[in-house]
>>> print(open('run.txt').read())   # compact mmCIF, C-alpha atoms
# COMPACT_ATOMS: atom_id res chain seq x y z
CA MET A 108 4.06 -7.75 -22.97
CA SER A 109 3.05 -4.31 -24.11
CA ASN A 110 4.57 -1.40 -22.29
CA ARG A 111 1.84 -0.92 -19.70
CA TYR A 112 0.60 -3.92 -17.74
CA GLU A 113 -2.27 -3.66 -15.28
CA VAL A 114 -2.93 -6.04 -12.40
CA ARG A 115 -5.85 -5.96 -9.97
CA LEU A 116 -5.93 -8.15 -6.85
CA SER A 117 -9.44 -8.45 -5.45
CA GLY A 118 -11.30 -10.23 -2.71
CA ALA A 119 -12.26 -9.54 0.87
CA GLY A 120 -10.63 -7.52 3.64
CA GLY A 121 -8.20 -9.62 5.67
CA GLN A 122 -6.97 -11.63 2.65
CA GLY A 123 -3.74 -9.66 2.50
CA LEU A 124 -4.33 -8.06 -0.88
CA VAL A 125 -2.83 -4.70 0.10
CA LEU A 126 0.39 -6.40 1.14
CA GLY A 127 0.21 -8.54 -2.01
CA GLY A 128 0.07 -5.45 -4.18
CA VAL A 129 2.96 -3.79 -2.34
CA ILE A 130 5.09 -6.92 -2.75
CA LEU A 131 4.32 -7.23 -6.46
CA ALA A 132 5.11 -3.55 -7.05
CA GLU A 133 8.37 -3.81 -5.14
CA ALA A 134 9.35 -6.98 -7.03
CA VAL A 135 8.92 -5.41 -10.45
CA SER A 136 10.47 -2.06 -9.51
CA LEU A 137 13.28 -2.87 -7.09
CA TYR A 138 14.36 -6.19 -8.59
CA GLU A 139 13.30 -6.01 -12.25
CA GLY A 140 14.05 -2.36 -12.95
CA ASN A 141 10.57 -1.49 -14.19
CA ASN A 142 8.43 1.33 -12.86
CA ALA A 143 5.36 0.54 -10.80
CA VAL A 144 2.49 2.33 -9.14
CA GLN A 145 0.50 0.55 -6.49
CA THR A 146 -2.91 1.82 -5.41
CA GLN A 147 -5.64 0.98 -2.95
CA SER A 148 -9.04 2.61 -3.23
CA TYR A 149 -11.24 2.70 -0.18
CA GLY A 150 -14.86 3.64 -0.56
CA PRO A 151 -18.23 2.25 0.42
CA GLU A 152 -17.23 -1.27 -0.75
CA ALA A 153 -14.23 -1.29 1.59
CA ARG A 154 -16.56 -0.52 4.49
CA GLY A 155 -18.67 -3.47 3.30
CA GLY A 156 -15.65 -5.75 3.53
CA ALA A 157 -14.44 -5.86 -0.09
CA SER A 158 -10.79 -5.20 -0.85
CA LYS A 159 -8.83 -4.41 -3.97
CA SER A 160 -5.31 -3.43 -4.74
CA GLU A 161 -3.89 -2.44 -8.12
CA VAL A 162 -0.42 -2.51 -9.60
CA ILE A 163 0.50 -0.79 -12.85
CA ILE A 164 3.81 -1.93 -14.33
CA SER A 165 5.61 -0.07 -17.08
CA THR A 166 9.05 0.47 -18.51
CA GLU A 167 8.17 4.18 -18.76
CA GLU A 168 6.86 6.79 -16.37
CA ILE A 169 3.29 6.05 -15.30
CA ASP A 170 1.04 9.06 -15.76
CA TYR A 171 -2.31 7.60 -14.93
CA PRO A 172 -2.10 5.24 -11.98
CA LYS A 173 -5.58 3.71 -12.06
CA ALA A 174 -6.25 0.42 -13.81
CA THR A 175 -8.64 0.86 -16.74
CA GLN A 176 -7.83 -2.07 -19.06
CA ILE A 177 -6.80 -4.91 -16.83
CA ASP A 178 -4.33 -7.50 -18.08
CA LEU A 179 -4.49 -9.76 -15.03
CA LEU A 180 -7.31 -9.99 -12.50
CA LEU A 181 -7.08 -12.04 -9.31
CA CYS A 182 -10.39 -12.84 -7.59
CA LEU A 183 -10.47 -14.51 -4.20
CA THR A 184 -14.23 -14.11 -3.80
CA GLN A 185 -17.22 -14.63 -6.09
CA GLU A 186 -18.36 -11.09 -5.40
CA SER A 187 -15.09 -9.58 -6.58
CA CYS A 188 -15.16 -11.73 -9.71
CA ASP A 189 -18.71 -10.71 -10.58
CA LYS A 190 -17.88 -7.08 -10.01
CA TYR A 191 -14.49 -6.62 -11.65
CA VAL A 192 -14.42 -8.96 -14.62
CA VAL A 193 -15.93 -6.21 -16.78
CA ASP A 194 -12.64 -4.31 -16.47
CA LEU A 195 -10.59 -7.27 -17.69
CA LYS A 196 -9.55 -6.90 -21.28
CA GLU A 197 -10.13 -9.45 -24.02
CA ASP A 198 -7.58 -12.26 -23.75
CA GLY A 199 -6.77 -10.99 -20.26
CA ILE A 200 -5.83 -13.43 -17.51
CA LEU A 201 -8.35 -14.26 -14.78
CA ILE A 202 -7.03 -16.12 -11.75
CA ALA A 203 -10.02 -17.20 -9.66
CA ASP A 204 -9.89 -19.15 -6.44
CA SER A 205 -11.54 -22.52 -7.08
CA ARG A 206 -13.11 -22.75 -3.63
CA MET A 207 -14.61 -19.28 -3.61
CA VAL A 208 -15.40 -18.63 -7.27
CA LYS A 209 -17.80 -21.30 -8.51
CA ASP A 210 -19.48 -19.25 -11.17
CA LEU A 211 -16.86 -18.36 -13.75
CA PRO A 212 -17.56 -15.62 -16.28
CA GLU A 213 -18.21 -16.21 -19.95
CA GLY A 214 -15.92 -14.37 -22.30
CA ASN A 215 -12.63 -14.43 -24.10
CA TYR A 216 -10.42 -14.69 -21.05
CA ARG A 217 -7.54 -16.97 -20.13
CA ILE A 218 -9.05 -18.45 -16.97
CA TYR A 219 -7.03 -20.17 -14.25
CA ASN A 220 -9.34 -21.61 -11.61
CA LEU A 221 -6.79 -22.47 -8.94
CA PRO A 222 -7.02 -23.85 -5.36
CA ILE A 223 -5.23 -20.86 -3.85
CA ILE A 224 -6.96 -20.75 -0.49
CA ASP A 225 -6.96 -24.56 -0.15
CA THR A 226 -3.24 -24.67 -0.89
CA ALA A 227 -2.58 -22.06 1.80
CA LYS A 228 -4.78 -23.87 4.30
CA GLU A 229 -3.91 -27.49 3.59
CA LYS A 230 -0.39 -27.51 2.18
CA VAL A 231 1.11 -24.62 4.14
CA GLY A 232 -1.25 -24.84 7.10
CA LYS A 233 -1.90 -21.08 7.27
CA VAL A 234 -4.81 -19.57 5.40
CA PHE A 235 -3.27 -16.09 5.71
CA VAL A 236 -0.60 -16.98 3.13
CA ALA A 237 -3.25 -17.25 0.38
CA ASN A 238 -2.03 -13.86 -0.88
CA ILE A 239 1.50 -15.25 -1.24
CA VAL A 240 0.25 -18.41 -2.99
CA ALA A 241 -1.55 -16.07 -5.41
CA LEU A 242 1.66 -14.10 -6.00
CA GLY A 243 3.40 -17.33 -6.94
CA ALA A 244 0.80 -18.00 -9.63
CA ILE A 245 1.10 -14.41 -10.83
CA ALA A 246 4.90 -14.71 -11.01
CA HIS A 247 4.39 -17.69 -13.32
CA LEU A 248 1.99 -15.85 -15.61
CA VAL A 249 3.46 -12.35 -15.84
CA ASP A 250 6.56 -11.92 -17.99
CA ALA A 251 7.59 -8.70 -16.27
CA VAL A 252 8.42 -10.46 -13.02
CA SER A 253 10.34 -13.60 -12.09
CA LEU A 254 9.78 -15.95 -9.16
CA ALA A 255 13.20 -14.92 -7.77
CA SER A 256 12.25 -11.22 -7.73
CA VAL A 257 8.92 -11.88 -6.06
CA GLU A 258 10.64 -14.06 -3.48
CA LYS A 259 13.08 -11.27 -2.62
CA ALA A 260 10.22 -8.81 -2.28
CA VAL A 261 8.21 -11.25 -0.14
CA LEU A 262 11.13 -11.78 2.24
CA LYS A 263 11.58 -8.01 2.61
CA ARG A 264 7.95 -7.53 3.69
CA VAL A 265 6.79 -10.51 5.74
CA PRO A 266 7.22 -10.65 9.53
CA PRO A 267 10.50 -12.16 10.80
CA GLY A 268 10.08 -15.84 11.53
CA THR A 269 7.62 -16.45 8.68
CA GLU A 270 10.17 -16.53 5.84
CA GLU A 271 10.16 -20.29 5.22
CA LEU A 272 6.38 -20.49 5.37
CA ASN A 273 6.08 -17.73 2.82
CA LYS A 274 8.73 -19.15 0.50
CA LYS A 275 6.87 -22.44 0.52
CA ALA A 276 3.55 -20.70 -0.19
CA LEU A 277 5.08 -18.79 -3.09
CA LYS A 278 6.59 -21.89 -4.68
CA LEU A 279 3.35 -23.87 -4.29
CA GLY A 280 1.46 -21.03 -5.97
CA TYR A 281 3.98 -20.94 -8.80
CA ASP A 282 3.51 -24.67 -9.33
CA LEU A 283 -0.29 -24.40 -9.44
CA VAL A 284 0.05 -22.98 -12.93
CA GLU A 285 0.93 -25.65 -15.48
CA MET B 1158 -11.21 21.24 5.17
CA SER B 1159 -12.04 21.49 1.49
CA ASN B 1160 -13.44 18.40 -0.12
CA ARG B 1161 -10.17 16.93 -1.38
CA TYR B 1162 -7.23 16.65 1.00
CA GLU B 1163 -3.84 15.40 -0.16
CA VAL B 1164 -1.17 13.89 2.07
CA ARG B 1165 2.31 12.75 1.03
CA LEU B 1166 4.56 10.77 3.40
CA SER B 1167 8.19 10.87 2.26
CA GLY B 1168 11.59 9.72 3.41
CA ALA B 1169 13.76 6.67 2.92
CA GLY B 1170 12.96 3.00 2.31
CA GLY B 1171 12.64 1.09 5.58
CA GLN B 1172 10.95 3.96 7.43
CA GLY B 1173 7.55 2.32 7.15
CA LEU B 1174 5.94 4.96 4.96
CA VAL B 1175 4.00 2.47 2.84
CA LEU B 1176 2.42 0.99 5.97
CA GLY B 1177 1.88 4.54 7.28
CA GLY B 1178 -0.07 5.45 4.16
CA VAL B 1179 -2.17 2.29 4.32
CA ILE B 1180 -3.03 2.94 7.98
CA LEU B 1181 -3.98 6.57 7.33
CA ALA B 1182 -6.17 5.58 4.35
CA GLU B 1183 -7.89 2.86 6.38
CA ALA B 1184 -8.44 5.23 9.31
CA VAL B 1185 -10.20 7.85 7.20
CA SER B 1186 -12.19 5.38 5.13
CA LEU B 1187 -13.13 2.55 7.49
CA TYR B 1188 -13.55 4.61 10.66
CA GLU B 1189 -14.42 8.13 9.47
CA GLY B 1190 -16.61 7.24 6.50
CA ASN B 1191 -14.61 9.26 3.95
CA ASN B 1192 -13.24 7.89 0.71
CA ALA B 1193 -9.51 7.42 0.33
CA VAL B 1194 -7.02 6.37 -2.30
CA GLN B 1195 -3.57 5.34 -1.24
CA THR B 1196 -0.71 5.14 -3.74
CA GLN B 1197 2.94 4.22 -3.88
CA SER B 1198 5.03 5.09 -6.91
CA TYR B 1199 8.19 3.13 -7.52
CA GLY B 1200 10.66 4.42 -10.07
CA PRO B 1201 14.37 5.19 -10.23
CA GLU B 1202 14.23 7.05 -6.87
CA ALA B 1203 12.86 3.98 -5.13
CA ARG B 1204 15.81 1.97 -6.40
CA GLY B 1205 18.01 4.75 -4.95
CA GLY B 1206 16.43 4.24 -1.54
CA ALA B 1207 13.83 7.03 -1.45
CA SER B 1208 10.26 6.23 -0.49
CA LYS B 1209 6.96 8.01 -0.76
CA SER B 1210 3.39 7.15 -0.13
CA GLU B 1211 0.33 9.28 -0.87
CA VAL B 1212 -3.16 9.39 0.55
CA ILE B 1213 -6.00 11.34 -1.04
CA ILE B 1214 -8.99 11.88 1.24
CA SER B 1215 -12.37 13.04 0.01
CA THR B 1216 -16.03 12.93 0.87
CA GLU B 1217 -16.69 12.22 -2.82
CA GLU B 1218 -15.43 9.71 -5.35
CA ILE B 1219 -11.77 10.26 -6.15
CA ASP B 1220 -11.18 10.43 -9.89
CA TYR B 1221 -7.54 11.36 -10.01
CA PRO B 1222 -5.55 9.47 -7.40
CA LYS B 1223 -2.21 11.27 -7.63
CA ALA B 1224 -1.32 14.14 -5.32
CA THR B 1225 -0.85 17.38 -7.23
CA GLN B 1226 -1.54 20.11 -4.66
CA ILE B 1227 -0.38 18.74 -1.37
CA ASP B 1228 -2.10 19.84 1.84
CA LEU B 1229 0.22 17.98 4.22
CA LEU B 1230 3.76 16.83 3.51
CA LEU B 1231 5.73 14.63 5.91
CA CYS B 1232 9.51 14.54 5.35
CA LEU B 1233 11.69 12.14 7.31
CA THR B 1234 14.83 12.98 5.29
CA GLN B 1235 16.42 16.19 4.03
CA GLU B 1236 16.44 14.81 0.51
CA SER B 1237 12.70 14.20 0.50
CA CYS B 1238 12.07 17.69 1.88
CA ASP B 1239 14.23 19.34 -0.79
CA LYS B 1240 12.55 17.34 -3.48
CA TYR B 1241 8.87 17.44 -2.58
CA VAL B 1242 8.26 20.80 -0.96
CA VAL B 1243 7.56 22.31 -4.40
CA ASP B 1244 4.35 20.26 -4.51
CA LEU B 1245 3.15 21.61 -1.15
CA LYS B 1246 0.51 24.25 -1.56
CA GLU B 1247 0.65 27.71 -0.01
CA ASP B 1248 -0.37 27.53 3.66
CA GLY B 1249 0.12 23.77 3.46
CA ILE B 1250 1.45 21.85 6.46
CA LEU B 1251 5.04 20.63 6.44
CA ILE B 1252 6.00 18.11 9.14
CA ALA B 1253 9.77 17.68 9.03
CA ASP B 1254 11.82 15.47 11.30
CA SER B 1255 14.04 17.72 13.40
CA ARG B 1256 16.99 15.34 13.41
CA MET B 1257 17.03 14.66 9.67
CA VAL B 1258 15.76 17.93 8.18
CA LYS B 1259 18.10 20.74 9.25
CA ASP B 1260 17.56 22.99 6.27
CA LEU B 1261 13.92 24.03 6.30
CA PRO B 1262 12.38 25.57 3.19
CA GLU B 1263 11.44 29.21 2.85
CA GLY B 1264 7.85 29.88 1.93
CA ASN B 1265 4.37 30.32 3.20
CA TYR B 1266 4.02 26.97 4.91
CA ARG B 1267 2.87 25.92 8.36
CA ILE B 1268 6.06 24.18 9.45
CA TYR B 1269 6.25 21.66 12.30
CA ASN B 1270 9.85 20.64 12.90
CA LEU B 1271 9.28 17.69 15.24
CA PRO B 1272 11.58 15.09 16.87
CA ILE B 1273 9.77 12.15 15.30
CA ILE B 1274 12.68 9.76 14.95
CA ASP B 1275 14.16 10.74 18.33
CA THR B 1276 10.81 10.13 20.01
CA ALA B 1277 10.60 6.67 18.44
CA LYS B 1278 14.16 5.85 19.42
CA GLU B 1279 14.39 7.37 22.88
CA LYS B 1280 10.85 7.40 24.28
CA VAL B 1281 9.51 4.20 22.71
CA GLY B 1282 12.88 2.51 22.30
CA LYS B 1283 12.18 1.32 18.73
CA VAL B 1284 13.19 3.46 15.78
CA PHE B 1285 10.87 1.49 13.49
CA VAL B 1286 7.81 3.12 15.10
CA ALA B 1287 8.82 6.53 13.70
CA ASN B 1288 6.07 6.08 11.09
CA ILE B 1289 3.50 5.65 13.86
CA VAL B 1290 4.81 8.67 15.79
CA ALA B 1291 4.37 10.64 12.56
CA LEU B 1292 0.79 9.38 12.20
CA GLY B 1293 0.06 10.69 15.70
CA ALA B 1294 1.21 14.17 14.68
CA ILE B 1295 -0.85 13.91 11.48
CA ALA B 1296 -3.95 12.86 13.45
CA HIS B 1297 -3.54 16.06 15.48
CA LEU B 1298 -3.26 18.28 12.41
CA VAL B 1299 -5.78 16.79 9.97
CA ASP B 1300 -9.44 17.46 10.68
CA ALA B 1301 -10.62 14.52 8.58
CA VAL B 1302 -9.23 11.98 11.01
CA SER B 1303 -9.28 11.54 14.78
CA LEU B 1304 -6.67 9.96 17.03
CA ALA B 1305 -9.18 7.23 17.91
CA SER B 1306 -9.68 6.27 14.24
CA VAL B 1307 -5.95 6.18 13.56
CA GLU B 1308 -5.43 4.05 16.65
CA LYS B 1309 -8.02 1.53 15.46
CA ALA B 1310 -6.36 1.38 12.04
CA VAL B 1311 -2.89 1.01 13.60
CA LEU B 1312 -4.03 -1.90 15.76
CA LYS B 1313 -5.52 -3.63 12.72
CA ARG B 1314 -2.23 -3.49 10.80
CA VAL B 1315 0.69 -3.88 13.20
CA PRO B 1316 2.13 -7.30 14.10
CA PRO B 1317 0.55 -9.06 17.11
CA GLY B 1318 2.49 -8.32 20.28
CA THR B 1319 3.43 -4.76 19.25
CA GLU B 1320 0.08 -3.14 20.03
CA GLU B 1321 1.09 -1.32 23.22
CA LEU B 1322 4.34 -0.08 21.71
CA ASN B 1323 2.46 1.33 18.75
CA LYS B 1324 -0.29 2.92 20.86
CA LYS B 1325 2.39 4.65 22.89
CA ALA B 1326 4.20 5.84 19.74
CA LEU B 1327 0.96 7.21 18.32
CA LYS B 1328 0.06 9.14 21.47
CA LEU B 1329 3.58 10.57 21.81
CA GLY B 1330 3.39 11.75 18.21
CA TYR B 1331 -0.01 13.32 18.83
CA ASP B 1332 1.43 15.18 21.80
CA LEU B 1333 4.40 16.52 19.82
CA VAL B 1334 2.01 18.99 18.19
CA GLU B 1335 1.08 21.82 20.54
>>> encode(input="run.txt", output="structure tokens")
Amino acid sequence: MSNRYEVRLSGAGGQGLVLGGVILAEAVSLYEGNNAVQTQSYGPEARGGASKSEVIISTEEIDYPKATQIDLLLCLTQESCDKYVVDLKEDGILIADSRMVKDLPEGNYRIYNLPIIDTAKEKVGKVFVANIVALGAIAHLVDAVSLASVEKAVLKRVPPGTEELNKKALKLGYDLVE
Amino acid sequence: MSNRYEVRLSGAGGQGLVLGGVILAEAVSLYEGNNAVQTQSYGPEARGGASKSEVIISTEEIDYPKATQIDLLLCLTQESCDKYVVDLKEDGILIADSRMVKDLPEGNYRIYNLPIIDTAKEKVGKVFVANIVALGAIAHLVDAVSLASVEKAVLKRVPPGTEELNKKALKLGYDLVE
């Protein structure tokens, strides 16, 4: 990967994207030794129910913490996909939930249309772990972070008693990517 | 307040400052109708155990999401106070924990040396609500956000079953400021 790597997690409020961003940033910084900046922006869209969370990863100090040329975009709703795909760079990775995003964008992207929400709901039995399933897929696709580091970061952040559930969600997400 | 208002929450990892920043950003944006950007930066200090979280509040779109001229600085450790007070602007508000920060800075600041951690530990009985006690004090001191908005945002983010504990922590923190 080039030195700066930009990730945006997008979808609706309540899908755990803020926590997802925090976990990803902590995984790459605390357990991989990179620097990270994690940002949430709240404006009129947030009041309308949309949610996004960004993580910038770099081996060097990060001067500008906003994502401008996105390397990996996660979309858990059609609306977020329609809105944010313009910021994804050519050959960038798009992970789109296959239940929610039916209309995939045209363009030179590496598209992974994955059953993230269905996996959370049907295989883990808890739809609220969709964010962790997504992190598993991201861990598979991003060189700067390993599954082991994300797992450590997940276990540091999730409520006590939900560790096994979350580990399972993470591994299932990892395995969604061939 | 002027249009842009910058808050930095600082201390050690495990003090809940990331969650504190998220709650403050959601309070001002979802319940007060302002815009907010909330950022965590993870670098070598984070690996050393330090933690900081920033919230920029504005009525307008926020172009540059990093704090540069801080209006309110929370310090839950001496180290964070020594390190970050240089970024606090003249007449800015410094909230320093009275147990942890014994050596207060010189300068033209509005200093509140408050027993945040002691209040969490002794009056609520849970040291992990120190972040929420701090948010209560911040709600008292920042015009852009009311206690009611912060309470709504707290209740949206804390684990089920801890609502009353957190409401109590918030109110006690609010009352620490005369």
>>> calpha_fit_and_write(input="run.txt", fixed="chain A", moving="chain B", output="compact mmCIF listing (two decimals) with C-alpha atoms, in the frame of the given file")
# COMPACT_ATOMS: atom_id res chain seq x y z
CA MET B 1158 4.18 -7.73 -22.95
CA SER B 1159 3.09 -4.30 -24.11
CA ASN B 1160 4.58 -1.37 -22.29
CA ARG B 1161 1.83 -0.91 -19.70
CA TYR B 1162 0.61 -3.92 -17.75
CA GLU B 1163 -2.27 -3.66 -15.28
CA VAL B 1164 -2.92 -6.04 -12.40
CA ARG B 1165 -5.85 -5.95 -9.97
CA LEU B 1166 -5.92 -8.15 -6.84
CA SER B 1167 -9.45 -8.44 -5.45
CA GLY B 1168 -11.31 -10.25 -2.71
CA ALA B 1169 -12.26 -9.55 0.87
CA GLY B 1170 -10.61 -7.51 3.63
CA GLY B 1171 -8.19 -9.63 5.66
CA GLN B 1172 -6.96 -11.63 2.66
CA GLY B 1173 -3.73 -9.65 2.50
CA LEU B 1174 -4.33 -8.06 -0.88
CA VAL B 1175 -2.84 -4.70 0.09
CA LEU B 1176 0.40 -6.40 1.14
CA GLY B 1177 0.21 -8.54 -2.01
CA GLY B 1178 0.06 -5.44 -4.18
CA VAL B 1179 2.95 -3.79 -2.34
CA ILE B 1180 5.10 -6.92 -2.74
CA LEU B 1181 4.33 -7.23 -6.46
CA ALA B 1182 5.11 -3.53 -7.05
CA GLU B 1183 8.38 -3.81 -5.14
CA ALA B 1184 9.35 -6.98 -7.02
CA VAL B 1185 8.92 -5.39 -10.44
CA SER B 1186 10.46 -2.06 -9.50
CA LEU B 1187 13.29 -2.86 -7.09
CA TYR B 1188 14.37 -6.18 -8.60
CA GLU B 1189 13.32 -6.01 -12.26
CA GLY B 1190 14.07 -2.35 -12.94
CA ASN B 1191 10.56 -1.48 -14.19
CA ASN B 1192 8.44 1.34 -12.86
CA ALA B 1193 5.37 0.54 -10.80
CA VAL B 1194 2.49 2.33 -9.15
CA GLN B 1195 0.51 0.55 -6.51
CA THR B 1196 -2.91 1.81 -5.41
CA GLN B 1197 -5.64 0.98 -2.96
CA SER B 1198 -9.04 2.62 -3.23
CA TYR B 1199 -11.23 2.71 -0.17
CA GLY B 1200 -14.86 3.66 -0.56
CA PRO B 1201 -18.24 2.26 0.43
CA GLU B 1202 -17.24 -1.26 -0.75
CA ALA B 1203 -14.26 -1.28 1.59
CA ARG B 1204 -16.56 -0.52 4.50
CA GLY B 1205 -18.66 -3.48 3.29
CA GLY B 1206 -15.64 -5.76 3.54
CA ALA B 1207 -14.43 -5.86 -0.08
CA SER B 1208 -10.79 -5.20 -0.86
CA LYS B 1209 -8.83 -4.41 -3.97
CA SER B 1210 -5.32 -3.44 -4.75
CA GLU B 1211 -3.89 -2.44 -8.12
CA VAL B 1212 -0.42 -2.52 -9.60
CA ILE B 1213 0.51 -0.79 -12.84
CA ILE B 1214 3.81 -1.93 -14.33
CA SER B 1215 5.62 -0.07 -17.08
CA THR B 1216 9.05 0.48 -18.52
CA GLU B 1217 8.15 4.18 -18.77
CA GLU B 1218 6.84 6.80 -16.38
CA ILE B 1219 3.28 6.05 -15.31
CA ASP B 1220 1.03 9.07 -15.77
CA TYR B 1221 -2.33 7.60 -14.94
CA PRO B 1222 -2.11 5.25 -11.97
CA LYS B 1223 -5.58 3.70 -12.06
CA ALA B 1224 -6.25 0.41 -13.82
CA THR B 1225 -8.63 0.84 -16.74
CA GLN B 1226 -7.84 -2.09 -19.05
CA ILE B 1227 -6.81 -4.92 -16.82
CA ASP B 1228 -4.32 -7.50 -18.07
CA LEU B 1229 -4.49 -9.77 -15.02
CA LEU B 1230 -7.32 -9.99 -12.50
CA LEU B 1231 -7.07 -12.05 -9.31
CA CYS B 1232 -10.40 -12.83 -7.59
CA LEU B 1233 -10.46 -14.51 -4.19
CA THR B 1234 -14.24 -14.11 -3.80
CA GLN B 1235 -17.23 -14.62 -6.09
CA GLU B 1236 -18.38 -11.08 -5.41
CA SER B 1237 -15.11 -9.58 -6.58
CA CYS B 1238 -15.17 -11.73 -9.72
CA ASP B 1239 -18.73 -10.69 -10.59
CA LYS B 1240 -17.89 -7.08 -10.01
CA TYR B 1241 -14.50 -6.63 -11.64
CA VAL B 1242 -14.42 -8.96 -14.62
CA VAL B 1243 -15.94 -6.21 -16.79
CA ASP B 1244 -12.65 -4.31 -16.47
CA LEU B 1245 -10.60 -7.29 -17.69
CA LYS B 1246 -9.54 -6.90 -21.27
CA GLU B 1247 -10.15 -9.46 -24.00
CA ASP B 1248 -7.58 -12.26 -23.74
CA GLY B 1249 -6.77 -11.00 -20.26
CA ILE B 1250 -5.82 -13.45 -17.51
CA LEU B 1251 -8.35 -14.27 -14.80
CA ILE B 1252 -7.03 -16.13 -11.74
CA ALA B 1253 -10.02 -17.20 -9.66
CA ASP B 1254 -9.90 -19.16 -6.44
CA SER B 1255 -11.54 -22.52 -7.08
CA ARG B 1256 -13.13 -22.76 -3.64
CA MET B 1257 -14.63 -19.27 -3.60
CA VAL B 1258 -15.40 -18.61 -7.28
CA LYS B 1259 -17.81 -21.30 -8.51
CA ASP B 1260 -19.51 -19.25 -11.18
CA LEU B 1261 -16.87 -18.36 -13.75
CA PRO B 1262 -17.56 -15.62 -16.28
CA GLU B 1263 -18.21 -16.21 -19.95
CA GLY B 1264 -15.92 -14.38 -22.32
CA ASN B 1265 -12.64 -14.44 -24.10
CA TYR B 1266 -10.41 -14.70 -21.06
CA ARG B 1267 -7.53 -16.97 -20.13
CA ILE B 1268 -9.04 -18.45 -16.99
CA TYR B 1269 -7.03 -20.17 -14.25
CA ASN B 1270 -9.35 -21.61 -11.62
CA LEU B 1271 -6.79 -22.48 -8.94
CA PRO B 1272 -7.03 -23.83 -5.36
CA ILE B 1273 -5.24 -20.85 -3.85
CA ILE B 1274 -6.96 -20.75 -0.48
CA ASP B 1275 -6.97 -24.56 -0.15
CA THR B 1276 -3.25 -24.66 -0.88
CA ALA B 1277 -2.59 -22.06 1.81
CA LYS B 1278 -4.77 -23.88 4.31
CA GLU B 1279 -3.91 -27.50 3.61
CA LYS B 1280 -0.38 -27.51 2.18
CA VAL B 1281 1.11 -24.60 4.13
CA GLY B 1282 -1.25 -24.85 7.09
CA LYS B 1283 -1.90 -21.08 7.27
CA VAL B 1284 -4.81 -19.55 5.40
CA PHE B 1285 -3.27 -16.09 5.72
CA VAL B 1286 -0.59 -16.98 3.14
CA ALA B 1287 -3.24 -17.24 0.40
CA ASN B 1288 -2.02 -13.85 -0.87
CA ILE B 1289 1.49 -15.24 -1.24
CA VAL B 1290 0.25 -18.40 -2.99
CA ALA B 1291 -1.54 -16.07 -5.41
CA LEU B 1292 1.66 -14.09 -6.00
CA GLY B 1293 3.40 -17.35 -6.94
CA ALA B 1294 0.79 -18.01 -9.62
CA ILE B 1295 1.11 -14.41 -10.83
CA ALA B 1296 4.91 -14.71 -11.02
CA HIS B 1297 4.39 -17.70 -13.33
CA LEU B 1298 1.99 -15.85 -15.61
CA VAL B 1299 3.46 -12.34 -15.83
CA ASP B 1300 6.55 -11.91 -17.98
CA ALA B 1301 7.58 -8.68 -16.27
CA VAL B 1302 8.43 -10.45 -13.03
CA SER B 1303 10.34 -13.59 -12.09
CA LEU B 1304 9.78 -15.94 -9.17
CA ALA B 1305 13.18 -14.93 -7.79
CA SER B 1306 12.25 -11.22 -7.74
CA VAL B 1307 8.92 -11.88 -6.06
CA GLU B 1308 10.64 -14.06 -3.48
CA LYS B 1309 13.09 -11.28 -2.64
CA ALA B 1310 10.23 -8.81 -2.27
CA VAL B 1311 8.22 -11.25 -0.13
CA LEU B 1312 11.15 -11.78 2.24
CA LYS B 1313 11.59 -8.02 2.61
CA ARG B 1314 7.97 -7.52 3.69
CA VAL B 1315 6.80 -10.51 5.73
CA PRO B 1316 7.22 -10.66 9.52
CA PRO B 1317 10.50 -12.16 10.81
CA GLY B 1318 10.10 -15.86 11.53
CA THR B 1319 7.62 -16.47 8.68
CA GLU B 1320 10.16 -16.53 5.85
CA GLU B 1321 10.16 -20.29 5.21
CA LEU B 1322 6.37 -20.50 5.37
CA ASN B 1323 6.08 -17.73 2.82
CA LYS B 1324 8.74 -19.15 0.50
CA LYS B 1325 6.87 -22.44 0.52
CA ALA B 1326 3.54 -20.70 -0.18
CA LEU B 1327 5.07 -18.79 -3.08
CA LYS B 1328 6.57 -21.89 -4.70
CA LEU B 1329 3.35 -23.88 -4.29
CA GLY B 1330 1.45 -21.06 -5.97
CA TYR B 1331 3.98 -20.94 -8.80
CA ASP B 1332 3.51 -24.67 -9.32
CA LEU B 1333 -0.30 -24.41 -9.44
CA VAL B 1334 0.06 -22.98 -12.95
CA GLU B 1335 0.91 -25.66 -15.49
>>> atom_distance(input="run.txt", atom1="atom CA of Ile245 of chain A", atom2="atom CA of Ser1198 of chain B")
20.3 Å
>>> interface_residues(input="run.txt", of="chain B", to="chain A", cutoff="7 Å", atoms="only C-alpha atoms", output="mmCIF file with C-alpha atoms, in the frame of the given file")
data_model
loop_
_atom_site.group_PDB
_atom_site.id
_atom_site.type_symbol
_atom_site.label_atom_id
_atom_site.label_comp_id
_atom_site.auth_asym_id
_atom_site.auth_seq_id
_atom_site.Cartn_x
_atom_site.Cartn_y
_atom_site.Cartn_z
ATOM 1 C CA SER B 1186 -12.190 5.380 5.130
ATOM 2 C CA LEU B 1187 -13.130 2.550 7.490
ATOM 3 C CA ASN B 1192 -13.240 7.890 0.710
ATOM 4 C CA ALA B 1193 -9.510 7.420 0.330
ATOM 5 C CA VAL B 1194 -7.020 6.370 -2.300
ATOM 6 C CA GLN B 1195 -3.570 5.340 -1.240
ATOM 7 C CA THR B 1196 -0.710 5.140 -3.740
ATOM 8 C CA GLN B 1197 2.940 4.220 -3.880
ATOM 9 C CA SER B 1198 5.030 5.090 -6.910
ATOM 10 C CA TYR B 1199 8.190 3.130 -7.520
ATOM 11 C CA GLY B 1200 10.660 4.420 -10.070
ATOM 12 C CA ARG B 1204 15.810 1.970 -6.400
#
